[in-house]
$ cat final.cif   # mmCIF, C-alpha atoms
data_model
loop_
_atom_site.label_atom_id
_atom_site.label_comp_id
_atom_site.auth_asym_id
_atom_site.auth_seq_id
_atom_site.Cartn_x
_atom_site.Cartn_y
_atom_site.Cartn_z
CA MET Q 1 0.00 0.00 0.00
CA THR Q 2 1.35 3.36 -0.91
CA ALA Q 3 1.52 6.28 1.47
CA ALA Q 4 -1.20 8.12 -0.45
CA LYS Q 5 -3.82 5.62 0.57
CA GLN Q 6 -3.11 6.06 4.26
CA SER Q 7 -5.11 8.47 6.37
CA GLU Q 8 -2.00 9.55 8.28
CA PRO Q 9 1.55 10.01 7.01
CA SER Q 10 3.90 7.14 7.59
CA GLU Q 11 6.99 7.58 9.75
CA ILE Q 12 9.10 7.40 6.59
CA GLU Q 13 7.13 10.18 4.95
CA LEU Q 14 7.57 12.34 8.05
CA LEU Q 15 11.33 11.88 7.78
CA LEU Q 16 11.64 12.96 4.13
CA PRO Q 17 12.55 16.61 4.91
CA TRP Q 18 15.40 15.52 7.18
CA TYR Q 19 16.53 12.95 4.62
CA ALA Q 20 16.75 15.72 2.02
CA ALA Q 21 18.64 17.92 4.46
CA GLY Q 22 21.09 15.10 5.26
CA THR Q 23 20.39 15.20 8.99
CA LEU Q 24 19.15 11.66 9.60
CA ASP Q 25 21.37 9.02 11.16
CA ALA Q 26 22.64 6.17 9.00
CA ARG Q 27 19.94 3.71 10.03
CA GLU Q 28 17.08 6.11 9.30
CA SER Q 29 18.67 7.17 6.02
CA GLN Q 30 18.83 3.54 4.90
CA GLN Q 31 15.18 3.05 5.81
CA VAL Q 32 14.16 6.08 3.76
CA GLU Q 33 16.33 5.02 0.83
CA ALA Q 34 14.75 1.56 0.82
CA ALA Q 35 11.25 3.04 0.95
CA LEU Q 36 12.00 5.45 -1.88
CA ALA Q 37 13.35 2.62 -4.01
CA ASN Q 38 10.18 0.55 -3.49
CA ASP Q 39 7.48 3.22 -3.61
CA PRO Q 40 7.38 5.37 -6.78
CA GLU Q 41 4.64 7.53 -5.30
CA LEU Q 42 6.78 8.31 -2.27
CA ALA Q 43 9.71 9.01 -4.59
CA ALA Q 44 7.55 11.47 -6.54
CA ARG Q 45 6.66 13.24 -3.30
CA TYR Q 46 10.32 13.37 -2.37
CA GLU Q 47 10.91 15.44 -5.50
CA TRP Q 48 8.65 18.08 -3.95
CA VAL Q 49 10.61 17.92 -0.71
CA ARG Q 50 13.82 18.56 -2.65
CA ALA Q 51 12.19 21.47 -4.45
CA GLU Q 52 11.04 22.92 -1.11
CA LEU Q 53 14.57 22.65 0.30
CA ALA Q 54 16.07 24.34 -2.74
CA GLN Q 55 13.57 27.21 -2.66
CA GLU Q 56 13.82 27.73 1.11
CA THR Q 57 17.59 27.96 0.60
CA HIS Q 58 17.00 30.46 -2.20
CA VAL Q 59 14.65 32.58 -0.06
CA SER Q 60 17.02 32.56 2.91
CA GLU Q 61 20.14 33.40 0.92
CA ALA Q 62 18.34 36.09 -1.06
CA ALA Q 63 17.74 37.80 2.29
CA GLY Q 64 21.41 38.73 2.24
CA GLU Q 65 23.45 39.51 5.30
CA PRO Q 66 23.28 42.03 8.13
CA SER Q 67 24.51 45.45 7.03
CA GLY Q 68 27.39 45.63 9.49
CA ARG Q 69 25.48 47.94 11.75
CA ASP Q 70 24.75 44.89 13.92
CA VAL Q 71 28.45 44.33 14.68
CA LYS Q 72 28.89 47.87 15.93
CA ALA Q 73 25.64 47.71 17.87
CA LEU Q 74 26.61 44.47 19.56
CA PHE Q 75 30.07 45.53 20.68
CA ALA Q 76 28.80 48.97 21.74
CA LYS Q 77 26.30 47.20 23.98
CA ILE Q 78 29.02 44.90 25.32
CA ASP Q 79 31.30 47.87 25.98
CA ALA Q 80 28.47 49.58 27.84
CA LEU Q 81 28.13 46.65 30.23
CA PRO Q 82 30.00 46.78 33.53
CA ALA Q 83 33.23 44.76 33.45
CA GLN Q 84 32.59 41.15 34.32
CA LYS Q 85 34.90 38.77 36.08
CA SER Q 86 35.18 35.16 35.07
CA ARG Q 87 31.65 33.84 34.97
CA SER Q 88 32.49 30.26 34.23
CA SER Q 89 31.45 28.21 37.22
CA ILE Q 90 32.50 24.79 35.97
CA ASP Q 91 35.90 23.52 34.87
CA LEU Q 92 36.00 23.66 31.06
CA GLY Q 93 37.54 20.20 30.61
CA ALA Q 94 34.93 18.63 32.80
CA ARG Q 95 32.19 20.48 30.97
CA ILE Q 96 33.37 19.39 27.55
CA ALA Q 97 33.80 15.80 28.71
CA GLU Q 98 30.31 15.86 30.18
CA PHE Q 99 28.92 17.42 27.03
CA LEU Q 100 30.51 14.83 24.77
CA ALA Q 101 29.46 12.01 27.06
CA SER Q 102 25.88 13.25 26.95
CA LEU Q 103 25.78 13.15 23.17
CA SER Q 104 26.12 9.49 22.37
CA PRO Q 105 27.87 6.22 23.14
CA ARG Q 106 31.57 6.11 22.34
CA THR Q 107 31.10 4.27 19.07
CA LEU Q 108 28.64 6.86 17.83
CA ALA Q 109 30.95 9.63 18.91
CA TRP Q 110 33.78 8.12 16.90
CA SER Q 111 31.63 7.58 13.83
CA ALA Q 112 30.35 11.15 14.08
CA MET Q 113 33.92 12.38 14.40
CA ALA Q 114 34.95 10.34 11.35
CA ALA Q 115 32.04 11.74 9.34
CA ALA Q 116 32.89 15.27 10.44
CA LEU Q 117 36.52 14.73 9.48
CA ALA Q 118 35.50 13.46 6.04
CA ILE Q 119 33.31 16.52 5.51
CA MET Q 120 36.15 18.80 6.64
CA LEU Q 121 38.51 17.11 4.19
CA GLN Q 122 35.97 17.51 1.39
CA ALA Q 123 35.44 21.15 2.34
CA GLY Q 124 39.17 21.79 2.40
CA PHE Q 125 39.60 20.12 -0.95
CA LEU Q 126 36.74 22.04 -2.53
CA ALA Q 127 37.93 25.32 -1.02
CA GLY Q 128 41.27 24.56 -2.67
CA ILE Q 129 39.53 24.07 -6.01
CA MET Q 130 37.69 27.38 -5.68
CA LEU Q 131 40.84 29.25 -4.69
CA LYS Q 132 42.74 27.71 -7.59
CA GLU Q 133 40.05 28.75 -10.05
CA LYS Q 134 39.97 32.21 -8.56
CA SER Q 135 43.73 32.56 -8.89
CA VAL Q 136 43.61 31.83 -12.61
CA GLY Q 137 40.86 34.34 -13.13
CA GLY Q 138 37.99 31.89 -13.19
CA TYR Q 139 35.90 33.11 -10.30
CA GLU Q 140 36.01 36.32 -8.37
CA THR Q 141 33.35 35.55 -5.84
CA ALA Q 142 34.43 32.31 -4.26
CA SER Q 143 34.32 34.02 -0.87
CA ALA Q 144 30.77 35.16 -1.38
CA PRO Q 145 28.99 32.07 -2.60
CA ALA Q 146 25.48 33.28 -1.88
CA ASN Q 147 25.82 35.99 -4.48
CA VAL Q 148 27.31 33.97 -7.31
CA SER Q 149 25.00 34.23 -10.28
CA GLY Q 150 25.00 35.15 -13.93
CA GLU Q 151 25.10 33.02 -17.04
CA GLY Q 152 25.01 29.32 -16.64
CA SER Q 153 22.96 26.61 -15.02
CA TYR Q 154 23.40 25.82 -11.34
CA VAL Q 155 22.51 23.20 -8.77
CA LEU Q 156 22.79 22.87 -5.02
CA LEU Q 157 24.78 19.76 -4.25
CA ARG Q 158 25.86 17.95 -1.12
CA PHE Q 159 28.41 15.15 -1.37
CA GLN Q 160 28.10 11.90 0.53
CA PRO Q 161 30.21 12.13 3.72
CA GLN Q 162 32.09 8.97 2.78
CA ALA Q 163 33.09 10.34 -0.65
CA THR Q 164 36.84 10.93 -0.78
CA ALA Q 165 38.51 13.97 -2.29
CA ALA Q 166 39.53 11.79 -5.25
CA ASP Q 167 35.93 10.62 -5.74
CA VAL Q 168 34.73 14.22 -5.73
CA ALA Q 169 37.48 15.36 -8.10
CA ASN Q 170 36.72 12.55 -10.55
CA PHE Q 171 33.01 13.25 -10.37
CA LEU Q 172 33.47 16.97 -11.04
CA GLU Q 173 35.88 16.37 -13.90
CA ALA Q 174 33.88 13.60 -15.55
CA ASN Q 175 30.74 15.71 -15.54
CA ARG Q 176 32.47 19.04 -16.27
CA LEU Q 177 31.09 20.64 -13.14
CA THR Q 178 32.46 23.71 -11.38
CA VAL Q 179 32.04 24.40 -7.69
CA VAL Q 180 31.39 28.13 -7.43
CA GLY Q 181 30.32 28.51 -3.81
CA GLY Q 182 29.68 26.94 -0.45
CA PRO Q 183 29.53 25.08 1.67
CA SER Q 184 26.45 26.46 3.44
CA ALA Q 185 25.56 25.40 6.97
CA GLY Q 186 24.29 22.05 5.74
CA GLY Q 187 27.28 21.26 3.54
CA LEU Q 188 25.56 22.34 0.32
CA TYR Q 189 27.71 23.57 -2.54
CA ARG Q 190 26.60 25.75 -5.43
CA VAL Q 191 27.77 24.00 -8.59
CA ARG Q 192 27.68 25.21 -12.16
CA VAL Q 193 26.61 22.36 -14.41
CA ALA Q 194 26.68 24.24 -17.71
CA PRO Q 195 28.14 27.55 -18.88
CA THR Q 196 24.81 28.50 -20.49
CA LYS Q 197 21.23 28.56 -19.34
CA LEU Q 198 19.91 25.08 -20.09
CA ALA Q 199 16.31 24.35 -21.00
CA LYS Q 200 14.36 23.22 -17.96
CA ALA Q 201 13.87 19.69 -19.32
CA ASP Q 202 17.59 19.34 -20.07
CA LEU Q 203 18.56 20.57 -16.62
CA THR Q 204 16.09 18.23 -14.94
CA ARG Q 205 17.48 15.33 -16.96
CA MET Q 206 21.03 16.25 -16.01
CA VAL Q 207 20.12 16.49 -12.31
CA SER Q 208 18.44 13.11 -12.51
CA THR Q 209 21.60 11.57 -13.99
CA LEU Q 210 23.93 13.21 -11.48
CA GLN Q 211 21.69 12.14 -8.63
CA ASP Q 212 22.48 8.49 -9.37
CA ASN Q 213 26.20 9.02 -8.79
CA LYS Q 214 27.43 7.47 -5.55
CA VAL Q 215 29.19 10.65 -4.40
CA VAL Q 216 25.99 12.70 -4.50
CA GLY Q 217 24.01 12.97 -1.28
CA PHE Q 218 21.59 15.67 -2.37
CA ILE Q 219 21.09 17.65 -5.54
CA ALA Q 220 18.49 20.18 -6.63
CA VAL Q 221 18.21 22.86 -9.27
CA THR Q 222 18.88 26.42 -8.15
CA GLU Q 223 19.16 29.78 -9.87
CA MET Y 1 44.36 25.05 10.97
CA PRO Y 2 42.06 23.35 13.50
CA THR Y 3 38.88 25.24 14.30
CA THR Y 4 38.15 26.11 17.90
CA SER Y 5 34.97 24.37 19.03
CA ASP Y 6 31.88 26.36 19.93
CA GLU Y 7 32.06 24.97 23.47
CA VAL Y 8 35.60 26.26 23.95
CA LEU Y 9 34.58 29.68 22.61
CA ILE Y 10 31.64 29.84 25.03
CA ALA Y 11 33.95 28.98 27.94
CA ARG Y 12 36.26 31.81 26.86
CA ILE Y 13 33.34 34.21 26.43
CA ALA Y 14 32.30 33.35 29.97
CA LYS Y 15 35.67 34.82 30.97
CA SER Y 16 34.88 37.98 28.97
CA ASP Y 17 37.19 37.05 26.09
CA ARG Y 18 36.21 39.51 23.37
CA LEU Y 19 38.16 37.75 20.63
CA ALA Y 20 36.23 34.56 21.31
CA MET Y 21 33.02 36.56 21.07
CA GLU Y 22 34.07 37.96 17.72
CA GLU Y 23 34.84 34.47 16.45
CA LEU Y 24 31.56 32.99 17.63
CA TYR Y 25 29.66 35.96 16.23
CA GLY Y 26 31.40 35.59 12.89
CA ARG Y 27 30.38 31.94 12.87
CA TYR Y 28 26.66 32.44 13.61
CA ARG Y 29 25.93 36.03 12.61
CA VAL Y 30 24.52 35.29 9.14
CA PRO Y 31 22.57 32.06 9.82
CA VAL Y 32 20.97 33.52 12.94
CA TYR Y 33 20.12 36.75 11.09
CA ARG Y 34 18.48 34.81 8.27
CA PHE Y 35 16.51 32.68 10.73
CA VAL Y 36 15.29 35.74 12.63
CA LEU Y 37 14.49 37.56 9.39
CA ARG Y 38 12.36 34.66 8.18
CA MET Y 39 10.42 34.98 11.43
CA VAL Y 40 9.98 38.76 11.71
CA ARG Y 41 10.17 39.66 7.97
CA ASN Y 42 11.77 43.03 8.64
CA PRO Y 43 15.53 43.49 8.01
CA THR Y 44 15.93 46.39 10.45
CA ILE Y 45 14.21 44.53 13.27
CA ALA Y 46 16.11 41.34 12.41
CA GLU Y 47 19.42 43.17 12.62
CA ASP Y 48 18.55 44.68 15.99
CA LEU Y 49 17.44 41.31 17.29
CA ASN Y 50 20.64 39.71 16.02
CA SER Y 51 22.80 41.91 18.20
CA ASP Y 52 20.40 41.35 21.14
CA VAL Y 53 20.77 37.58 20.71
CA PHE Y 54 24.55 37.74 20.94
CA LEU Y 55 24.44 40.21 23.81
CA ASP Y 56 22.50 37.51 25.69
CA VAL Y 57 25.14 34.98 24.65
CA TRP Y 58 27.83 37.28 26.11
CA ARG Y 59 25.88 37.76 29.33
CA GLN Y 60 24.79 34.17 29.81
CA ALA Y 61 27.84 32.26 28.59
CA GLY Y 62 28.79 31.48 32.21
CA THR Y 63 25.48 29.72 32.76
CA PHE Y 64 25.70 27.55 29.63
CA GLU Y 65 25.82 23.97 30.91
CA GLY Y 66 26.39 22.06 27.71
CA ARG Y 67 23.12 20.13 27.89
CA SER Y 68 22.59 20.96 24.23
CA ALA Y 69 24.88 22.03 21.41
CA VAL Y 70 25.91 25.68 21.44
CA SER Y 71 24.12 26.27 18.14
CA THR Y 72 20.89 24.87 19.60
CA TRP Y 73 21.25 27.25 22.55
CA ILE Y 74 21.91 30.25 20.31
CA PHE Y 75 18.98 29.47 17.98
CA SER Y 76 16.65 29.00 20.95
CA ILE Y 77 17.63 32.49 22.18
CA ALA Y 78 17.06 33.86 18.67
CA ARG Y 79 13.66 32.21 18.43
CA PHE Y 80 12.62 33.64 21.79
CA LYS Y 81 13.66 37.15 20.70
CA ALA Y 82 11.85 36.81 17.35
CA LEU Y 83 8.63 35.58 18.96
CA ASN Y 84 8.73 38.47 21.45
CA ALA Y 85 9.18 40.90 18.57
CA LEU Y 86 6.22 39.35 16.74
CA GLN Y 87 4.08 39.66 19.87
CA ARG Y 88 5.00 43.33 20.12
CA ARG Y 89 3.72 43.99 16.61
CA PRO Y 90 0.88 41.51 16.07
CA MET Y 91 -1.01 43.89 13.79
CA GLU Y 92 1.90 44.13 11.36
CA GLU Y 93 2.12 40.35 11.20
CA LEU Y 94 -1.63 40.17 10.70
CA ASP Y 95 -1.40 42.76 7.95
CA ASP Y 96 1.23 40.68 6.21
CA GLU Y 97 -0.99 37.60 6.35
CA LYS Y 98 -3.96 39.58 5.03
CA ALA Y 99 -1.86 41.02 2.27
CA GLY Y 100 -0.87 37.52 1.25
CA ALA Y 101 -4.48 36.41 1.16
CA ILE Y 102 -5.52 39.40 -0.93
CA GLU Y 103 -2.76 38.72 -3.42
CA ASP Y 104 -3.93 35.12 -3.69
CA GLN Y 105 -7.41 36.16 -4.76
CA ALA Y 106 -6.50 39.15 -6.85
CA ASP Y 107 -4.00 37.18 -8.93
CA ASP Y 108 -2.13 40.34 -9.87
CA PRO Y 109 0.34 40.45 -12.79
CA GLU Y 110 3.25 39.49 -10.54
CA ILE Y 111 1.50 36.33 -9.32
CA ALA Y 112 0.25 35.58 -12.81
CA LEU Y 113 3.83 35.75 -14.06
CA ALA Y 114 5.04 33.66 -11.15
CA LYS Y 115 2.55 30.95 -12.00
CA LYS Y 116 4.59 30.24 -15.07
CA ASP Y 117 7.52 29.29 -12.88
CA LYS Y 118 6.89 26.55 -10.32
CA ALA Y 119 9.97 27.51 -8.32
CA ALA Y 120 8.84 31.12 -8.05
CA VAL Y 121 5.37 30.09 -6.92
CA LEU Y 122 6.90 27.76 -4.34
CA ARG Y 123 9.05 30.63 -3.02
CA ALA Y 124 6.02 32.91 -2.82
CA CYS Y 125 4.12 30.24 -0.90
CA LEU Y 126 7.03 29.66 1.51
CA LEU Y 127 6.93 33.38 2.32
CA LYS Y 128 3.21 33.14 3.11
CA LEU Y 129 3.48 30.42 5.75
CA SER Y 130 2.64 31.31 9.35
CA ALA Y 131 5.47 32.22 11.72
CA GLU Y 132 5.25 28.80 13.35
CA HIS Y 133 5.59 27.08 10.00
CA ARG Y 134 8.25 29.46 8.63
CA GLU Y 135 10.31 28.74 11.71
CA ILE Y 136 10.34 24.97 11.38
CA VAL Y 137 10.78 25.00 7.59
CA ASN Y 138 13.81 27.27 7.91
CA LEU Y 139 15.35 25.22 10.72
CA VAL Y 140 14.97 21.95 8.80
CA TYR Y 141 15.63 22.99 5.22
CA TYR Y 142 18.05 25.90 5.54
CA GLN Y 143 19.69 25.58 8.95
CA HIS Y 144 19.91 21.78 8.54
CA LYS Y 145 18.85 21.04 12.09
CA SER Y 146 18.09 17.44 13.03
CA VAL Y 147 14.78 16.41 14.60
CA GLU Y 148 16.50 16.41 18.00
CA GLU Y 149 18.00 19.86 17.47
CA VAL Y 150 14.70 21.37 16.32
CA ALA Y 151 13.04 19.87 19.40
CA GLY Y 152 15.69 21.56 21.56
CA ILE Y 153 15.33 24.93 19.84
CA VAL Y 154 11.53 25.04 19.68
CA GLY Y 155 10.99 23.27 23.00
CA ILE Y 156 8.62 20.57 21.78
CA PRO Y 157 8.86 16.74 21.70
CA GLU Y 158 10.56 15.15 18.70
CA ALA Y 159 7.30 13.51 17.54
CA THR Y 160 5.67 16.95 17.49
CA VAL Y 161 8.59 18.32 15.46
CA LYS Y 162 7.91 15.73 12.75
CA THR Y 163 4.15 16.32 12.64
CA ARG Y 164 4.58 20.12 12.73
CA MET Y 165 6.90 19.92 9.75
CA PHE Y 166 4.38 17.71 7.99
CA TYR Y 167 1.57 20.20 8.61
CA ALA Y 168 3.79 23.06 7.44
CA ARG Y 169 4.27 21.12 4.19
CA LYS Y 170 0.55 20.40 4.03
CA LYS Y 171 -0.18 24.12 4.35
CA LEU Y 172 2.37 24.75 1.63
CA SER Y 173 0.53 22.28 -0.56
CA GLU Y 174 -2.76 24.13 0.05
CA LEU Y 175 -1.15 27.44 -0.85
CA LEU Y 176 0.20 25.88 -4.04
CA THR Y 177 -3.25 24.56 -4.90
CA GLU Y 178 -4.64 28.08 -4.52
CA GLN Y 179 -2.05 29.14 -7.08
CA GLY Y 180 -3.13 26.44 -9.49
CA ILE Y 181 -0.40 23.91 -8.72
CA GLU Y 182 -1.79 20.58 -7.59
CA ARG Y 183 0.84 18.33 -6.12
CA GLY Y 184 -1.32 15.84 -4.28
CA TRP Y 185 -1.09 14.99 -0.61
CA PRO Y 186 0.27 16.64 1.49
#

$ encode --input "final.cif" --output "structure tokens"
Amino acid sequence: MTAAKQSEPSEIELLLPWYAAGTLDARESQQVEAALANDPELAARYEWVRAELAQETHVSEAAGEPSGRDVKALFAKIDALPAQKSRSSIDLGARIAEFLASLSPRTLAWSAMAAALAIMLQAGFLAGIMLKEKSVGGYETASAPANVSGEGSYVLLRFQPQATAADVANFLEANRLTVVGGPSAGGLYRVRVAPTKLAKADLTRMVSTLQDNKVVGFIAVTE
Amino acid sequence: MPTTSDEVLIARIAKSDRLAMEELYGRYRVPVYRFVLRMVRNPTIAEDLNSDVFLDVWRQAGTFEGRSAVSTWIFSIARFKALNALQRRPMEELDDEKAGAIEDQADDPEIALAKKDKAAVLRACLLKLSAEHREIVNLVYYQHKSVEEVAGIVGIPEATVKTRMFYARKKLSELLTEQGIERGWP
């Protein structure tokens, strides 16, 4: 029975937004992946979830950044406060140890650390790519990814945490993709997939093909 | 170069370390601003609230106990400030909602043009969600907060987080239907 015939959403359907955002744990992600593979109707609905994520990202980034007035206002307010002595009541080491211990069992902590390290390595690698392209005159706005625009067709893309730098490099080269910005808070990169504005059907087809690559965790069309 | 953890920065801020404050502020300034702006829909108010949020961080760093992640703590402060601001100007919020409804029915040239572009219609509908729904949609889709983190920020059980997100999406679906885009359920 497909989800559409149910009176209430299934647990899997409830998890789709977090699956798209890449914030589920491995077990839940596998459950969602299996459900998507076996339920075409659910998979069709997931396309809407991906579109929602892409457009919420667009809306949020289009909002821009604070003008700079906020920085002055904040530190003026801090300066206006009476001087404060050390306000930390608990030993830092103990607090951090307690904090880490409260998060998860040791094995989970290690796997989370490994995933974080992989993402950091990817980010470092991709930052290197952007800097290299900037240095040869390719991109002037690598430090301001939210504002990169102009000619071309773009997607938002998050790589799988387990993808190595070599995997990512091969994927980008094989598909002639250029990382022009990111990562955002959720590890999303803005990637140029074509130097010209592709027809919507062509872009959708391209996204569908790229989505099947093992290094891709999330991909959606953006402007 | 290794990045200093948020927890270490908070401990330093608790000792009135201004450099640590600058680093933490640089880290969260934009995401928190965008979250607050999605709630209050006014850039000037959002900017004022942003500095108020981090002033609270400066003042309360010594009381932070590490029961949640630092980012969860900061976003929960931001949410509280934004909701207070919305309560102080309920008529403006109401006016915004009414304006949205009027646009729906009038189908002015801008909306008519937007109907040609599904993405543009979706963006317009995202902007028309209630504050409660805008909040959760932004936290999940843009801030990439897990179910557990959203529960910590909003102060509701994890099961409620999932159903609230579902109903936000259902409302979005209704708004899309009003604009002539039928996507089924939700």

$ resolve_selection --input "final.cif" --expression "the PyMOL selection byres ((chain Y and resi 161) around 12)" --output "VMD selection string"
(chain Q and resid 14 to 15 17 to 18) or (chain Y and resid 132 to 133 135 to 137 139 to 140 145 to 160 162 to 168)

$ closest_residue --input "final.cif" --among "Q:Pro183, Q:Gly124, Q:Pro66, Q:Pro9" --to "Q:Leu42" --atoms "all atoms listed in the file"
Q:Pro9

$ interface_residues --input "final.cif" --of "chain Y" --to "chain Q" --cutoff "7 Å" --atoms "all atoms listed in the file" --output "PyMOL selection string"
chain Y and resi 11+14-16+30+33-34+47-48+50-51+55+62+66-67+119+122-123+138+140-146+162-163+166+185

$ resolve_selection --input "final.cif" --expression "the PyMOL selection byres ((chain Q and resi 158) around 12)" --output "ChimeraX atom specification"
/Q:20-23,54,119,122-123,126,155-157,159-163,168,179,181-191,210-211,213-220 /Y:144

$ atom_distance --input "final.cif" --atom1 "atom CA of Q:Val193" --atom2 "atom CA of Q:Ser153"
5.6 Å

$ residues_around --input "final.cif" --residues "Q:Asn175" --least-positions-apart "2" --cutoff "10 Å" --atoms "only C-alpha atoms" --output "tab-separated table (two decimals) with C-alpha atoms, keeping the file's coordinate frame"
chain	number	residue	atom	x	y	z
Q	170	ASN	CA	36.72	12.55	-10.55
Q	171	PHE	CA	33.01	13.25	-10.37
Q	172	LEU	CA	33.47	16.97	-11.04
Q	173	GLU	CA	35.88	16.37	-13.90
Q	177	LEU	CA	31.09	20.64	-13.14
Q	178	THR	CA	32.46	23.71	-11.38
Q	193	VAL	CA	26.61	22.36	-14.41
Q	194	ALA	CA	26.68	24.24	-17.71
Q	206	MET	CA	21.03	16.25	-16.01
Q	210	LEU	CA	23.93	13.21	-11.48

$ residues_around --input "final.cif" --residues "Y:Glu174" --least-positions-apart "2" --cutoff "12 Å" --atoms "all atoms listed in the file" --output "PyMOL selection string"
chain Y and resi 104+122+125-126+128-129+167-172+176-186

$ write_last_selection --input "final.cif" --atoms "C-alpha atoms" --output "PDB file, in the frame of the given file"
ATOM      1  CA  ASP Y 104      -3.930  35.120  -3.690  1.00  0.00           C
ATOM      2  CA  LEU Y 122       6.900  27.760  -4.340  1.00  0.00           C
ATOM      3  CA  CYS Y 125       4.120  30.240  -0.900  1.00  0.00           C
ATOM      4  CA  LEU Y 126       7.030  29.660   1.510  1.00  0.00           C
ATOM      5  CA  LYS Y 128       3.210  33.140   3.110  1.00  0.00           C
ATOM      6  CA  LEU Y 129       3.480  30.420   5.750  1.00  0.00           C
ATOM      7  CA  TYR Y 167       1.570  20.200   8.610  1.00  0.00           C
ATOM      8  CA  ALA Y 168       3.790  23.060   7.440  1.00  0.00           C
ATOM      9  CA  ARG Y 169       4.270  21.120   4.190  1.00  0.00           C
ATOM     10  CA  LYS Y 170       0.550  20.400   4.030  1.00  0.00           C
ATOM     11  CA  LYS Y 171      -0.180  24.120   4.350  1.00  0.00           C
ATOM     12  CA  LEU Y 172       2.370  24.750   1.630  1.00  0.00           C
ATOM     13  CA  LEU Y 176       0.200  25.880  -4.040  1.00  0.00           C
ATOM     14  CA  THR Y 177      -3.250  24.560  -4.900  1.00  0.00           C
ATOM     15  CA  GLU Y 178      -4.640  28.080  -4.520  1.00  0.00           C
ATOM     16  CA  GLN Y 179      -2.050  29.140  -7.080  1.00  0.00           C
ATOM     17  CA  GLY Y 180      -3.130  26.440  -9.490  1.00  0.00           C
ATOM     18  CA  ILE Y 181      -0.400  23.910  -8.720  1.00  0.00           C
ATOM     19  CA  GLU Y 182      -1.790  20.580  -7.590  1.00  0.00           C
ATOM     20  CA  ARG Y 183       0.840  18.330  -6.120  1.00  0.00           C
ATOM     21  CA  GLY Y 184      -1.320  15.840  -4.280  1.00  0.00           C
ATOM     22  CA  TRP Y 185      -1.090  14.990  -0.610  1.00  0.00           C
ATOM     23  CA  PRO Y 186       0.270  16.640   1.490  1.00  0.00           C
TER      24      PRO Y 186
END

$ atom_distance --input "final.cif" --atom1 "atom CA of Y:Leu24" --atom2 "atom CA of Y:Ala46"
18.3 Å

$ atom_distance --input "final.cif" --atom1 "atom CA of Y:Leu86" --atom2 "atom CA of Y:Val70"
24.4 Å

$ resolve_selection --input "final.cif" --expression "the PyMOL selection byres ((chain Y and resi 27) around 12)" --output "PyMOL selection string"
(chain Q and resi 184-185) or (chain Y and resi 3-6+9+20-26+28-33+54+70-71+74)

$ closest_residue --input "final.cif" --among "Y:Arg89, Y:Ala82, Y:Arg18, Y:Gln60" --to "Q:Asp79" --atoms "only C-alpha atoms"
Y:Arg18

$ residues_around --input "final.cif" --residues "Y:Ala85" --least-positions-apart "5" --cutoff "9 Å" --atoms "only C-alpha atoms" --output "CSV table (one decimal) with C-alpha atoms, in the coordinates of the input"
chain,number,residue,atom,x,y,z
Y,40,VAL,CA,10.0,38.8,11.7
Y,45,ILE,CA,14.2,44.5,13.3
Y,49,LEU,CA,17.4,41.3,17.3
Y,80,PHE,CA,12.6,33.6,21.8
Y,90,PRO,CA,0.9,41.5,16.1

$ build_atoms --input "final.cif" --residues "stretch 171-180 of chain Q" --atoms "N, CA and C atoms" --output "PDB file, keeping the file's coordinate frame"
ATOM      1  N   PHE Q 171      34.413  12.962 -10.054  1.00  0.00           N
ATOM      2  CA  PHE Q 171      33.010  13.250 -10.370  1.00  0.00           C
ATOM      3  C   PHE Q 171      32.884  14.617 -11.052  1.00  0.00           C
ATOM      4  N   LEU Q 172      33.563  15.613 -10.478  1.00  0.00           N
ATOM      5  CA  LEU Q 172      33.470  16.970 -11.040  1.00  0.00           C
ATOM      6  C   LEU Q 172      34.064  17.017 -12.448  1.00  0.00           C
ATOM      7  N   GLU Q 173      35.207  16.345 -12.602  1.00  0.00           N
ATOM      8  CA  GLU Q 173      35.880  16.370 -13.900  1.00  0.00           C
ATOM      9  C   GLU Q 173      35.077  15.615 -14.958  1.00  0.00           C
ATOM     10  N   ALA Q 174      34.606  14.425 -14.579  1.00  0.00           N
ATOM     11  CA  ALA Q 174      33.880  13.600 -15.550  1.00  0.00           C
ATOM     12  C   ALA Q 174      32.612  14.290 -16.045  1.00  0.00           C
ATOM     13  N   ASN Q 175      32.002  15.080 -15.170  1.00  0.00           N
ATOM     14  CA  ASN Q 175      30.740  15.710 -15.540  1.00  0.00           C
ATOM     15  C   ASN Q 175      30.899  17.197 -15.889  1.00  0.00           C
ATOM     16  N   ARG Q 176      32.160  17.648 -15.924  1.00  0.00           N
ATOM     17  CA  ARG Q 176      32.470  19.040 -16.270  1.00  0.00           C
ATOM     18  C   ARG Q 176      31.701  20.027 -15.388  1.00  0.00           C
ATOM     19  N   LEU Q 177      31.797  19.797 -14.097  1.00  0.00           N
ATOM     20  CA  LEU Q 177      31.090  20.640 -13.140  1.00  0.00           C
ATOM     21  C   LEU Q 177      32.088  21.587 -12.474  1.00  0.00           C
ATOM     22  N   THR Q 178      31.607  22.736 -12.067  1.00  0.00           N
ATOM     23  CA  THR Q 178      32.460  23.710 -11.380  1.00  0.00           C
ATOM     24  C   THR Q 178      31.806  24.136 -10.076  1.00  0.00           C
ATOM     25  N   VAL Q 179      32.542  23.935  -8.985  1.00  0.00           N
ATOM     26  CA  VAL Q 179      32.040  24.400  -7.690  1.00  0.00           C
ATOM     27  C   VAL Q 179      32.292  25.901  -7.616  1.00  0.00           C
ATOM     28  N   VAL Q 180      31.229  26.674  -7.453  1.00  0.00           N
ATOM     29  CA  VAL Q 180      31.390  28.130  -7.430  1.00  0.00           C
ATOM     30  C   VAL Q 180      31.116  28.729  -6.060  1.00  0.00           C
TER      31      VAL Q 180
END
